[in-house]
>>> print(open('protein-v4.pdb').read())   # PDB, C-alpha atoms
ATOM      1  CA  MET X   1       0.000   0.000   0.000  1.00  0.00           C
ATOM      2  CA  SER X   2       1.093   3.534  -0.625  1.00  0.00           C
ATOM      3  CA  ILE X   3      -0.128   7.036  -0.011  1.00  0.00           C
ATOM      4  CA  ARG X   4      -0.983   8.775  -3.267  1.00  0.00           C
ATOM      5  CA  PRO X   5      -0.968  12.526  -3.939  1.00  0.00           C
ATOM      6  CA  LEU X   6      -4.405  14.137  -3.879  1.00  0.00           C
ATOM      7  CA  VAL X   7      -5.842  15.990  -6.871  1.00  0.00           C
ATOM      8  CA  ILE X   8      -6.738  19.506  -5.677  1.00  0.00           C
ATOM      9  CA  LEU X   9      -9.170  22.098  -7.060  1.00  0.00           C
ATOM     10  CA  PRO X  10      -8.959  23.674  -9.685  1.00  0.00           C
ATOM     11  CA  ASP X  11      -7.473  20.584 -11.426  1.00  0.00           C
ATOM     12  CA  PRO X  12      -9.834  19.806 -14.363  1.00  0.00           C
ATOM     13  CA  LEU X  13      -9.463  16.073 -13.644  1.00  0.00           C
ATOM     14  CA  LEU X  14     -11.988  16.564 -10.800  1.00  0.00           C
ATOM     15  CA  ARG X  15     -14.642  17.374 -13.438  1.00  0.00           C
ATOM     16  CA  GLN X  16     -14.011  14.191 -15.433  1.00  0.00           C
ATOM     17  CA  VAL X  17     -16.650  11.438 -15.402  1.00  0.00           C
ATOM     18  CA  SER X  18     -15.058   8.186 -14.225  1.00  0.00           C
ATOM     19  CA  LYS X  19     -15.282   4.971 -16.239  1.00  0.00           C
ATOM     20  CA  PRO X  20     -16.763   1.724 -14.866  1.00  0.00           C
ATOM     21  CA  LEU X  21     -14.319  -1.003 -13.911  1.00  0.00           C
ATOM     22  CA  GLU X  22     -14.616  -4.020 -16.224  1.00  0.00           C
ATOM     23  CA  ARG X  23     -13.482  -6.547 -13.607  1.00  0.00           C
ATOM     24  CA  VAL X  24     -12.419  -6.722  -9.986  1.00  0.00           C
ATOM     25  CA  ASP X  25      -8.888  -8.086  -9.715  1.00  0.00           C
ATOM     26  CA  ASP X  26      -5.771  -7.710  -7.558  1.00  0.00           C
ATOM     27  CA  GLY X  27      -4.939  -4.399  -9.252  1.00  0.00           C
ATOM     28  CA  VAL X  28      -8.328  -2.955  -8.262  1.00  0.00           C
ATOM     29  CA  ARG X  29      -7.916  -4.244  -4.705  1.00  0.00           C
ATOM     30  CA  ARG X  30      -4.417  -2.675  -4.518  1.00  0.00           C
ATOM     31  CA  LEU X  31      -5.873   0.618  -5.746  1.00  0.00           C
ATOM     32  CA  ALA X  32      -8.592   0.412  -3.067  1.00  0.00           C
ATOM     33  CA  ASP X  33      -5.918  -0.266  -0.423  1.00  0.00           C
ATOM     34  CA  ASP X  34      -3.867   2.729  -1.630  1.00  0.00           C
ATOM     35  CA  MET X  35      -7.015   4.862  -1.498  1.00  0.00           C
ATOM     36  CA  LEU X  36      -7.757   3.776   2.072  1.00  0.00           C
ATOM     37  CA  GLU X  37      -4.190   4.509   3.174  1.00  0.00           C
ATOM     38  CA  THR X  38      -4.344   7.924   1.442  1.00  0.00           C
ATOM     39  CA  MET X  39      -7.728   8.691   3.039  1.00  0.00           C
ATOM     40  CA  TYR X  40      -6.547   7.722   6.532  1.00  0.00           C
ATOM     41  CA  ASP X  41      -3.387   9.796   6.109  1.00  0.00           C
ATOM     42  CA  ALA X  42      -5.259  12.922   4.957  1.00  0.00           C
ATOM     43  CA  PRO X  43      -7.354  12.323   7.221  1.00  0.00           C
ATOM     44  CA  GLY X  44     -10.810  11.887   5.713  1.00  0.00           C
ATOM     45  CA  ILE X  45     -13.884   9.653   5.797  1.00  0.00           C
ATOM     46  CA  GLY X  46     -14.305   9.074   2.063  1.00  0.00           C
ATOM     47  CA  LEU X  47     -12.272   9.144  -1.134  1.00  0.00           C
ATOM     48  CA  ALA X  48     -13.082   8.604  -4.811  1.00  0.00           C
ATOM     49  CA  ALA X  49     -10.433   7.207  -7.172  1.00  0.00           C
ATOM     50  CA  ILE X  50     -10.518  10.363  -9.312  1.00  0.00           C
ATOM     51  CA  GLN X  51      -9.178  12.257  -6.272  1.00  0.00           C
ATOM     52  CA  ILE X  52      -5.886  10.404  -6.673  1.00  0.00           C
ATOM     53  CA  GLY X  53      -5.883  10.743 -10.451  1.00  0.00           C
ATOM     54  CA  GLU X  54      -7.548   7.427 -11.323  1.00  0.00           C
ATOM     55  CA  PRO X  55     -10.715   8.056 -13.405  1.00  0.00           C
ATOM     56  CA  VAL X  56     -12.460   4.794 -12.461  1.00  0.00           C
ATOM     57  CA  ARG X  57     -15.707   4.196 -10.571  1.00  0.00           C
ATOM     58  CA  LEU X  58     -14.249   3.195  -7.211  1.00  0.00           C
ATOM     59  CA  LEU X  59     -14.671   4.795  -3.809  1.00  0.00           C
ATOM     60  CA  VAL X  60     -13.766   4.029  -0.224  1.00  0.00           C
ATOM     61  CA  ILE X  61     -15.414   5.104   3.027  1.00  0.00           C
ATOM     62  CA  ASP X  62     -14.667   4.655   6.713  1.00  0.00           C
ATOM     63  CA  LEU X  63     -16.923   6.439   9.198  1.00  0.00           C
ATOM     64  CA  ALA X  64     -15.326   4.912  12.314  1.00  0.00           C
ATOM     65  CA  LYS X  65     -14.590   7.486  15.010  1.00  0.00           C
ATOM     66  CA  ASP X  66     -10.989   8.024  16.125  1.00  0.00           C
ATOM     67  CA  ASP X  67     -11.267   5.706  19.127  1.00  0.00           C
ATOM     68  CA  ALA X  68     -13.173   2.930  17.282  1.00  0.00           C
ATOM     69  CA  PRO X  69     -11.633   0.146  15.188  1.00  0.00           C
ATOM     70  CA  LYS X  70     -11.328   0.955  11.493  1.00  0.00           C
ATOM     71  CA  ASN X  71     -14.286  -0.078   9.333  1.00  0.00           C
ATOM     72  CA  PRO X  72     -13.155   0.333   5.709  1.00  0.00           C
ATOM     73  CA  GLN X  73     -15.806  -0.042   3.011  1.00  0.00           C
ATOM     74  CA  VAL X  74     -15.052  -0.399  -0.710  1.00  0.00           C
ATOM     75  CA  PHE X  75     -17.635   0.399  -3.392  1.00  0.00           C
ATOM     76  CA  ILE X  76     -16.848  -0.561  -6.992  1.00  0.00           C
ATOM     77  CA  ASN X  77     -19.090   0.785  -9.786  1.00  0.00           C
ATOM     78  CA  PRO X  78     -21.600   2.184  -7.262  1.00  0.00           C
ATOM     79  CA  GLU X  79     -24.932   3.482  -8.485  1.00  0.00           C
ATOM     80  CA  ILE X  80     -27.748   5.122  -6.578  1.00  0.00           C
ATOM     81  CA  LEU X  81     -30.927   3.134  -7.173  1.00  0.00           C
ATOM     82  CA  ASP X  82     -33.249   5.190  -5.012  1.00  0.00           C
ATOM     83  CA  SER X  83     -33.224   8.336  -2.872  1.00  0.00           C
ATOM     84  CA  SER X  84     -35.581   9.298  -0.066  1.00  0.00           C
ATOM     85  CA  ASP X  85     -37.836  12.329  -0.318  1.00  0.00           C
ATOM     86  CA  ASP X  86     -36.682  13.356   3.168  1.00  0.00           C
ATOM     87  CA  ARG X  87     -33.724  15.727   3.168  1.00  0.00           C
ATOM     88  CA  SER X  88     -30.861  16.260   5.572  1.00  0.00           C
ATOM     89  CA  VAL X  89     -28.131  18.847   5.888  1.00  0.00           C
ATOM     90  CA  TYR X  90     -24.520  18.038   6.796  1.00  0.00           C
ATOM     91  CA  GLU X  91     -21.475  20.239   6.894  1.00  0.00           C
ATOM     92  CA  GLU X  92     -19.334  18.755   4.142  1.00  0.00           C
ATOM     93  CA  GLY X  93     -15.677  19.096   3.345  1.00  0.00           C
ATOM     94  CA  CYS X  94     -13.499  17.486   0.713  1.00  0.00           C
ATOM     95  CA  LEU X  95      -9.898  16.317   0.596  1.00  0.00           C
ATOM     96  CA  SER X  96      -9.669  17.897  -2.878  1.00  0.00           C
ATOM     97  CA  ILE X  97     -10.845  21.274  -1.500  1.00  0.00           C
ATOM     98  CA  PRO X  98      -8.764  21.473   1.693  1.00  0.00           C
ATOM     99  CA  ASP X  99      -9.955  23.506   4.672  1.00  0.00           C
ATOM    100  CA  TYR X 100     -13.281  24.548   3.133  1.00  0.00           C
ATOM    101  CA  TYR X 101     -16.599  23.396   4.613  1.00  0.00           C
ATOM    102  CA  ALA X 102     -20.209  24.207   3.777  1.00  0.00           C
ATOM    103  CA  ASP X 103     -23.689  22.969   4.671  1.00  0.00           C
ATOM    104  CA  VAL X 104     -25.083  20.802   1.874  1.00  0.00           C
ATOM    105  CA  GLU X 105     -28.635  19.498   1.643  1.00  0.00           C
ATOM    106  CA  ARG X 106     -29.072  16.020   0.143  1.00  0.00           C
ATOM    107  CA  PRO X 107     -31.564  13.155   0.313  1.00  0.00           C
ATOM    108  CA  ALA X 108     -31.512  11.718   3.857  1.00  0.00           C
ATOM    109  CA  GLY X 109     -31.379   8.134   2.577  1.00  0.00           C
ATOM    110  CA  VAL X 110     -30.195   6.255  -0.495  1.00  0.00           C
ATOM    111  CA  ARG X 111     -30.135   2.704  -1.805  1.00  0.00           C
ATOM    112  CA  VAL X 112     -26.896   1.879  -3.629  1.00  0.00           C
ATOM    113  CA  ARG X 113     -25.892  -1.121  -5.752  1.00  0.00           C
ATOM    114  CA  TYR X 114     -22.157  -1.845  -6.066  1.00  0.00           C
ATOM    115  CA  LEU X 115     -19.528  -4.554  -6.343  1.00  0.00           C
ATOM    116  CA  ASP X 116     -17.490  -5.455  -3.275  1.00  0.00           C
ATOM    117  CA  ARG X 117     -13.744  -6.264  -3.116  1.00  0.00           C
ATOM    118  CA  LEU X 118     -14.468  -9.782  -4.385  1.00  0.00           C
ATOM    119  CA  GLY X 119     -16.542  -8.568  -7.338  1.00  0.00           C
ATOM    120  CA  GLN X 120     -19.820  -9.696  -5.753  1.00  0.00           C
ATOM    121  CA  GLU X 121     -22.872  -7.517  -6.368  1.00  0.00           C
ATOM    122  CA  GLN X 122     -24.179  -5.921  -3.177  1.00  0.00           C
ATOM    123  CA  GLU X 123     -26.894  -3.481  -2.220  1.00  0.00           C
ATOM    124  CA  ILE X 124     -26.946  -1.173   0.762  1.00  0.00           C
ATOM    125  CA  ALA X 125     -29.644   1.056   2.231  1.00  0.00           C
ATOM    126  CA  ALA X 126     -27.911   3.989   3.886  1.00  0.00           C
ATOM    127  CA  ASP X 127     -29.068   6.954   5.887  1.00  0.00           C
ATOM    128  CA  GLY X 128     -27.429   9.653   7.975  1.00  0.00           C
ATOM    129  CA  LEU X 129     -23.737  10.325   7.457  1.00  0.00           C
ATOM    130  CA  LEU X 130     -23.208   7.178   5.353  1.00  0.00           C
ATOM    131  CA  ALA X 131     -25.899   8.311   2.882  1.00  0.00           C
ATOM    132  CA  THR X 132     -24.316  11.759   2.664  1.00  0.00           C
ATOM    133  CA  CYS X 133     -20.821  10.335   2.212  1.00  0.00           C
ATOM    134  CA  LEU X 134     -21.952   7.898  -0.503  1.00  0.00           C
ATOM    135  CA  GLN X 135     -23.675  10.704  -2.400  1.00  0.00           C
ATOM    136  CA  HIS X 136     -20.638  12.992  -2.032  1.00  0.00           C
ATOM    137  CA  GLU X 137     -18.227  10.327  -3.346  1.00  0.00           C
ATOM    138  CA  ILE X 138     -20.541   9.140  -6.145  1.00  0.00           C
ATOM    139  CA  ASP X 139     -20.822  12.796  -7.195  1.00  0.00           C
ATOM    140  CA  HIS X 140     -17.014  12.767  -7.596  1.00  0.00           C
ATOM    141  CA  LEU X 141     -17.321   9.801  -9.968  1.00  0.00           C
ATOM    142  CA  ASN X 142     -19.681  11.952 -12.056  1.00  0.00           C
ATOM    143  CA  GLY X 143     -17.423  15.030 -12.072  1.00  0.00           C
ATOM    144  CA  VAL X 144     -19.550  16.850  -9.487  1.00  0.00           C
ATOM    145  CA  LEU X 145     -18.095  18.554  -6.398  1.00  0.00           C
ATOM    146  CA  PHE X 146     -19.898  19.364  -3.152  1.00  0.00           C
ATOM    147  CA  ILE X 147     -19.455  23.066  -3.901  1.00  0.00           C
ATOM    148  CA  ASP X 148     -21.824  22.543  -6.847  1.00  0.00           C
ATOM    149  CA  HIS X 149     -24.578  22.151  -4.223  1.00  0.00           C
ATOM    150  CA  ILE X 150     -23.992  25.579  -2.633  1.00  0.00           C
ATOM    151  CA  SER X 151     -24.832  29.066  -3.922  1.00  0.00           C
ATOM    152  CA  ARG X 152     -23.120  30.251  -7.081  1.00  0.00           C
ATOM    153  CA  LEU X 153     -21.608  33.198  -5.195  1.00  0.00           C
ATOM    154  CA  LYS X 154     -19.984  30.991  -2.534  1.00  0.00           C
ATOM    155  CA  ARG X 155     -18.827  28.502  -5.179  1.00  0.00           C
ATOM    156  CA  ASP X 156     -17.232  31.238  -7.303  1.00  0.00           C
ATOM    157  CA  ILE X 157     -15.365  32.597  -4.261  1.00  0.00           C
ATOM    158  CA  VAL X 158     -13.987  29.134  -3.428  1.00  0.00           C
ATOM    159  CA  VAL X 159     -12.946  28.413  -7.016  1.00  0.00           C
ATOM    160  CA  ARG X 160     -11.202  31.797  -7.319  1.00  0.00           C
ATOM    161  CA  LYS X 161      -9.349  31.173  -4.044  1.00  0.00           C
ATOM    162  CA  PHE X 162      -8.078  27.765  -5.200  1.00  0.00           C
ATOM    163  CA  ARG X 163      -7.119  29.099  -8.653  1.00  0.00           C
ATOM    164  CA  LYS X 164      -5.036  31.779  -6.943  1.00  0.00           C
ATOM    165  CA  ILE X 165      -3.381  29.204  -4.664  1.00  0.00           C
ATOM    166  CA  ALA X 166      -2.574  27.011  -7.679  1.00  0.00           C
ATOM    167  CA  LYS X 167      -1.198  29.986  -9.617  1.00  0.00           C
ATOM    168  CA  ASP X 168       0.966  31.038  -6.654  1.00  0.00           C
ATOM    169  CA  LYS X 169       2.359  27.488  -6.335  1.00  0.00           C
ATOM    170  CA  ALA X 170       3.068  27.110 -10.070  1.00  0.00           C
ATOM    171  CA  PRO X 171       6.742  27.366 -11.002  1.00  0.00           C
ATOM    172  CA  ALA X 172       7.729  30.641 -12.626  1.00  0.00           C
ATOM    173  CA  ARG X 173       8.131  30.463 -16.382  1.00  0.00           C
ATOM    174  CA  VAL X 174      11.379  31.500 -17.975  1.00  0.00           C
ATOM    175  CA  ALA X 175      10.832  33.403 -21.195  1.00  0.00           C
TER     176      ALA X 175
END
>>> encode(input="protein-v4.pdb", output="structure tokens")
Amino acid sequence: MSIRPLVILPDPLLRQVSKPLERVDDGVRRLADDMLETMYDAPGIGLAAIQIGEPVRLLVIDLAKDDAPKNPQVFINPEILDSSDDRSVYEEGCLSIPDYYADVERPAGVRVRYLDRLGQEQEIAADGLLATCLQHEIDHLNGVLFIDHISRLKRDIVVRKFRKIAKDKAPARVA
């Protein structure tokens, strides 16, 4: 396992739609393990493969609290089958948009079909934080960021800030 560098806003890769995985093999499991190690190191509670530069439909989640044993979950080719009419609001953040948080309203519950680490089809009914996290990470697979769910004004401010940071970090060009 290895920690991978995170893709940070405004990198256009974050807007790319990820491709389904054709099969679940040792390479996919190694990628999932790298993603988990990267997520734990960050630290975060969810990570989509596109956030480490891999445009495939794979995400990992672990909602275990600091003092609880780790509970890693791997979702390959996840798709939301159903969403509740009830809504909930959580303060969301993103490893690809460091140190920015905003309240986001989403369906309170979802039903998701996915493949597990062994390639077996599974279905999960999720609510609360797990539902929010699944929706947030599946959005990543579709090129959508959590800031797309906030006001245009707030989103524009965040994007400008991260463009400036990226520009300031870019190496100077020699003419």
>>> resolve_selection(input="protein-v4.pdb", expression="the PyMOL selection byres ((chain X and resi 78) around 7)", output="number ranges by chain")
X: 75-77, 79-80, 112-114
>>> atom_distance(input="protein-v4.pdb", atom1="atom CA of Pro12 of chain X", atom2="atom CA of Val89 of chain X")
27.3 Å
>>> atom_distance(input="protein-v4.pdb", atom1="atom CA of Leu31 of chain X", atom2="atom CA of Ser18 of chain X")
14.6 Å
>>> closest_residue(input="protein-v4.pdb", among="X:Ala125, X:Cys133, X:Leu13, X:Met35", to="Leu58 of chain X", atoms="only C-alpha atoms")
X:Met35
>>> closest_atom_pairs(input="protein-v4.pdb", of="segment 88-159 of chain X", to="segment 59-65 of chain X", cutoff="8 Å", atoms="only C-alpha atoms", output="JSON lines")
{"residue": "X:Leu130", "atom": "CA", "partner": "X:Leu63", "partner_atom": "CA", "distance": 7.4}
{"residue": "X:Cys133", "atom": "CA", "partner": "X:Ile61", "partner_atom": "CA", "distance": 7.6}
{"residue": "X:Leu134", "atom": "CA", "partner": "X:Ile61", "partner_atom": "CA", "distance": 7.9}
{"residue": "X:Glu137", "atom": "CA", "partner": "X:Leu59", "partner_atom": "CA", "distance": 6.6}
{"residue": "X:Ile138", "atom": "CA", "partner": "X:Leu59", "partner_atom": "CA", "distance": 7.7}
>>> atom_distance(input="protein-v4.pdb", atom1="atom CA of Ser88 of chain X", atom2="atom CA of Ala108 of chain X")
4.9 Å
